[in-house]
Structure formats: C-alpha cells, structure tokens
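Undergrad: So that we are looking at the same thing, I have put the structure below in structure tokens.
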Amino acid sequence: MRPIAPAAAATVCAAVLLSGCADAGDQGEGDGSRRGKAATRSLVAKSSGDFNGDGYDDFATLVHPPTKSGSPQSPGLAVVYGSARGLDPGKRLVLDERSDHRQYEGPLLRADLDGDGYTDLVTARLTFGKAGAPTPETVVLRGGRQGLARPRTLSVAGVEAKAVGDFDGDGAADLLVPGRDGDDQAGPGKGRVLYGPFGDGGRTPARTADFVADQHGYAAPASATTGDFDGDRRTDVVLTYSYDAEQDDTAPPDLTPVAYYRGGARGLVRHQRPEKHLAALLGTQDGPTLPGAGDADHDGIDDLLAPGEGSGQGHPDRSGRLTVVHGSKSGLGEGREDLSVDQASPGVPGDPQFNDWFGALPAVGDVNDDGSPDLVVSSPGEDRYKGRVTLLPGSPGGGSDGGGEGDGGGEYDPARGKAEGDSGERAIDLDTPGVPGSRDARGFRGFDSRPPLLDVDGDGHADLIAATPGDAYGGTQSFWVFRGSDDGLSTDDVHRFTAADLGL
C-alpha cells in the first residue's frame, strides 16, 4: 500500500486543513448580543469564532514565512483578533517555532474544551529530531479574556486531532484522532476519540475510546469533516482516504475512499448507506476532494458541501462543481434532493474551464444579514491558477421550523438567476476593482477563501478572509478581508495584510 496526496486534494484540501476547516460544520460566530440575525453555526462552541469573548470573531491561520533560498519553510501559527474595524494585525498572537524544530500542521479546530465559556484553539504540531520520523502531538491554546494562551500539549501523547464535535451528545466537546500512516509504511497509527469535558485547562479528556477506521489496517483517514447531519444533536463525521491500490493485491476488497460515521450515545458508529453516493461526488482520478459542512438550506440540520470534478455534461475536465447533500432526520442524503451548482448554472459568474476547480473550500454564513444562508466557494485554478472566490446568496423567505423535513426555504437557488437576471451572485479575484495589491507580484497566485466565514467586525454580517499562499522564493503570503454587507461581499475598504505584517 502506498498512500498518496491527490493533485486535486493538494489544491482543494490542503488549504482547508491549514485554515481550520476540517471541522467544517463550525461556521464561527461571536457574541450573539452584539449581532443582528445570527449566521449558521454548529453544535460545538456556539461562539466558536471568538477566542477572547469581546464579541468580534478572530482569524487563525498557518503562515509560511518567505525565503530567498528556494527551500520551503515550516509554517508558523498566527491568530489575528477582530475589532470594530475588523481584523487588526497589530493585535495578534504569532508562534514561529522553527528554532525549536517544530512546525504546525493543522487543522485548526475551535471548541470550548474545558467548558469555561471561551473558545479554545486546538491543532497538531510536529517536532523534528535529529533522526527518524517527526513526533506528532496535539496542542491546546486556551481561550480567555486576554486572548489565547500559549500552547500546551494534550496529556494523551503522540496523537493528531483532526476534528472536533460532540459525538456522544452529552454537551461536551470531543476530539477525533483518526490515526495516521507511519513514514515507514508499516500501517496506520491507532485511532481514538477523546471525550470531553477536558480537565487541566483543556489538556486531559474525561475518557478515551479506540476508533477503528483504518480499513483493515490498510489506510488511515486523510481528512475528517464533522456536522450534525441527522439532527439528533450528536456530531457525525465523513472521512476521506487517499491511497494507491490499483496494483496492490493486498488491498482489502471493500476498500472505500469515503466512510461515514454517525454519532450516538455510545460514540461513532459506521453507517455505509450514503458512502457510495458521497464517493461518487467527491471522487477524482487522484482521490477524493475535501468536503465542508453547514446548514445550507436553513432547516436546522447540517448539510454536506461536496466539491467535485465537474458535471460530466461536456464540461472541461476538473472545471469543478459543488453539490449540497442535504441532511435530514432520516440521515444524510435521505431527505431533499441534492443541489448541484457549477459555472454553467444560471446566474453563476464565469464559464466552466479546464482545472478551474469551482466549488472548492465551501463555507456557509449569512453575508448579507438577511436571515438566509449564503454559500462562498473558491475556484483556485481559475485563470491559470490566479484563483477566484464566488458568493452564492441564499434565497429570501427563511427556512423550515428546524425539523429537517420542511421546504428548506433560504437555500441558494440557481433558478433565481435565470428568472430575475441578477440574484446577487458575485465573483471576486485579484483583478476586481477595489482589491489592493499588485496583480503581477510574485506569489500572488492561488487566490482563494480561508473558511470558516467569520464576523470580524461584529456588525452581524459574515465576512470572508481570502489569501494567496506566496511561494518559496520570496513571494509574500497575503490575506484580504472582504466585509459582508446588505449587498453581499463588499470591495469597498478591503483590508490586506501580509506575513511580514504579522512579523514573519
């Protein structure tokens, strides 16, 4: 068995994992007392966007310091705090541990592990010794009135948390450790669920349980996406796997690229019924893309946001498509029909072209503060990998009563664009008027979103943070803050900051 990093996932998934969306059902919000209509949120940590409890959401990301040597640099961890004026790079926490031979790996998970009312930040970190494989560990940065504290390792050693949720429905946040493939290809590491509440400042779980999701010891999960897809107030998880088994006689006959587990009173239990459908939607020739999650139809139940290669209806390869697989009380995909959107859909800006990858990095939030959920997706391959983000606004009219079987009013509807001409869709790239920064600067490619959507200025509108990755030859990683407004994403007073502005 030889695990692989699929080309599609390298573009679509890596950015998500490094930006904190493995817990994709978490669409961060701040203090609801300072807000207008509340944006979509998940079960865990209701104010999960806000680390210091000041009512403004905060942005966490991995930052790659620029170098002129051409060798890649280990990423540092940066947190930029929100304010009435939006993100303030002068008010930040930056951890650059290259001198200690450490690097942050992600994903960046948000949850109140210790139940003190403040959101904590949880992520994986690798320590590189003089010889042998790097040592993994999970660290917790405890939230508080003064912001996040310095990282402390979990008391459970040698684990990498990939997702957060309330898997057993007891009201406490839990961490999922799916296991990992060893560098010696000896097989997957041990998977576990670390159940909350966490003591000792979020370091020590109340209990642990084994989690066997390694497909007969053949492959460990590459990603984990969480949400309450059946409305039972227990978190479910969709796992994706990346492997190369075409010429491997030892591969298990029931090997799958996607697995689905439902939360329950006794923890996570495999539920195979939707797996074939999900694998078809997420599948590419290089492995599955990484889904997101959120309540896209405003019925009170999370939906799976599934990026895919394309519609297969004569469109160029990898042009991209987003499919919303609706959650319901009957289970994921058992209720309303899927919603599928691509750049050939009425009202959607652009045209489907080779390697656009429209639909990547999906997120849900209320950008225009009208009470309906909006979708934001990226096209990282647009215009020869310059990149683009697209807003797909929700429909007026609100949603169901939360029962999960209503008409789902409020979901984005491509037919509105055909009927009304302009229903508020908008595409933004580096050539859009009002977007600051030199279009020809080195490293200003791969412009895409950094989920989750956050309300960083506390005005009740979900805001979008977009970024370019920079490069290993001096290109500076940059970030742009697009504020939500009643008219959608605004390009007035766009705030841009760089890795250098963060001290890296």
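Chain labels run A, B, ... following the order of the structure tokens; each chain numbers its residues from 1, and ligands are numbered from 1 in the order shown.
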Among segment 180-296 of chain A, which ones does DSSP assign to strand (DSSP E) (computed from the backbone)? Answer as a PDB file with C-alpha atoms, in the first residue's frame.
TA:
ATOM      1  CA  ARG A 192      -9.088   7.302  19.188  1.00  0.00           C
ATOM      2  CA  VAL A 193     -11.924   9.507  20.337  1.00  0.00           C
ATOM      3  CA  LEU A 194     -11.012  11.807  23.214  1.00  0.00           C
ATOM      4  CA  TYR A 195     -14.225  12.562  25.072  1.00  0.00           C
ATOM      5  CA  ARG A 207     -12.128   9.355  28.881  1.00  0.00           C
ATOM      6  CA  THR A 208     -10.800   7.863  25.645  1.00  0.00           C
ATOM      7  CA  ALA A 209     -12.041   5.140  23.330  1.00  0.00           C
ATOM      8  CA  ASP A 210     -10.485   3.332  20.404  1.00  0.00           C
ATOM      9  CA  SER A 223      -9.421  14.099   6.493  1.00  0.00           C
ATOM     10  CA  ALA A 224     -12.440  14.302   8.766  1.00  0.00           C
ATOM     11  CA  THR A 225     -15.429  16.617   8.241  1.00  0.00           C
ATOM     12  CA  THR A 226     -17.980  16.944  11.013  1.00  0.00           C
ATOM     13  CA  GLY A 227     -21.591  18.073  11.280  1.00  0.00           C
ATOM     14  CA  ASP A 236     -21.425  12.794  12.682  1.00  0.00           C
ATOM     15  CA  VAL A 237     -18.235  12.548  10.617  1.00  0.00           C
ATOM     16  CA  VAL A 238     -17.326  11.994   6.955  1.00  0.00           C
ATOM     17  CA  LEU A 239     -13.838  10.536   6.462  1.00  0.00           C
ATOM     18  CA  THR A 240     -11.857  10.595   3.226  1.00  0.00           C
ATOM     19  CA  VAL A 258     -15.180   7.772   1.796  1.00  0.00           C
ATOM     20  CA  ALA A 259     -16.586   6.474   5.080  1.00  0.00           C
ATOM     21  CA  TYR A 260     -19.478   7.852   7.113  1.00  0.00           C
ATOM     22  CA  TYR A 261     -19.928   7.514  10.876  1.00  0.00           C
ATOM     23  CA  ARG A 262     -22.971   8.644  12.843  1.00  0.00           C
ATOM     24  CA  VAL A 269     -20.856   4.024  14.514  1.00  0.00           C
ATOM     25  CA  ARG A 270     -20.257   3.243  10.827  1.00  0.00           C
ATOM     26  CA  GLY A 292     -17.266  21.121   4.018  1.00  0.00           C
ATOM     27  CA  ALA A 293     -20.401  21.282   6.133  1.00  0.00           C
ATOM     28  CA  GLY A 294     -23.011  23.791   7.216  1.00  0.00           C
TER      29      GLY A 294
END
Undergrad: Could you list, as a count of residues only, every residue within 10 Å of Asp112 of chain A, counting only C-alpha atoms and ignoring same-chain residues fewer than 3 positions away?
TA: 23
Undergrad: With only C-alpha atoms as the counted atoms, please give the residues lying no more than 7 Å from Arg145 of chain A, apart from itself and same-chain residues fewer than 2 positions off, as a short mmCIF file (atom, residue, chain, number, x, y, z; two decimals) with all heavy atoms, in the first residue's frame.
TA:
data_model
loop_
_atom_site.label_atom_id
_atom_site.label_comp_id
_atom_site.auth_asym_id
_atom_site.auth_seq_id
_atom_site.Cartn_x
_atom_site.Cartn_y
_atom_site.Cartn_z
N ASN A 52 -11.58 35.53 22.57
CA ASN A 52 -11.42 36.34 23.78
C ASN A 52 -12.74 36.89 24.32
O ASN A 52 -12.74 37.69 25.25
CB ASN A 52 -10.42 37.47 23.55
CG ASN A 52 -10.80 38.37 22.39
OD1 ASN A 52 -11.90 38.24 21.84
ND2 ASN A 52 -9.90 39.26 22.00
N GLY A 53 -13.86 36.51 23.72
CA GLY A 53 -15.16 36.87 24.25
C GLY A 53 -15.52 38.34 24.14
O GLY A 53 -16.39 38.81 24.88
N GLY A 147 -7.24 36.77 25.36
CA GLY A 147 -6.91 36.08 24.12
C GLY A 147 -6.39 34.69 24.39
O GLY A 147 -6.51 34.16 25.51
#
Undergrad: Do a neighbour search on segment 57-62 of chain A at 10 Å with only C-alpha atoms, toss out local chain neighbours closer than 5 positions, and write the hits as a ChimeraX atom specification.
TA: /A:15,17-20,28-31,47-52,74-83,86-88,92-95,103-110,121,147,450-458,462-463,465,499
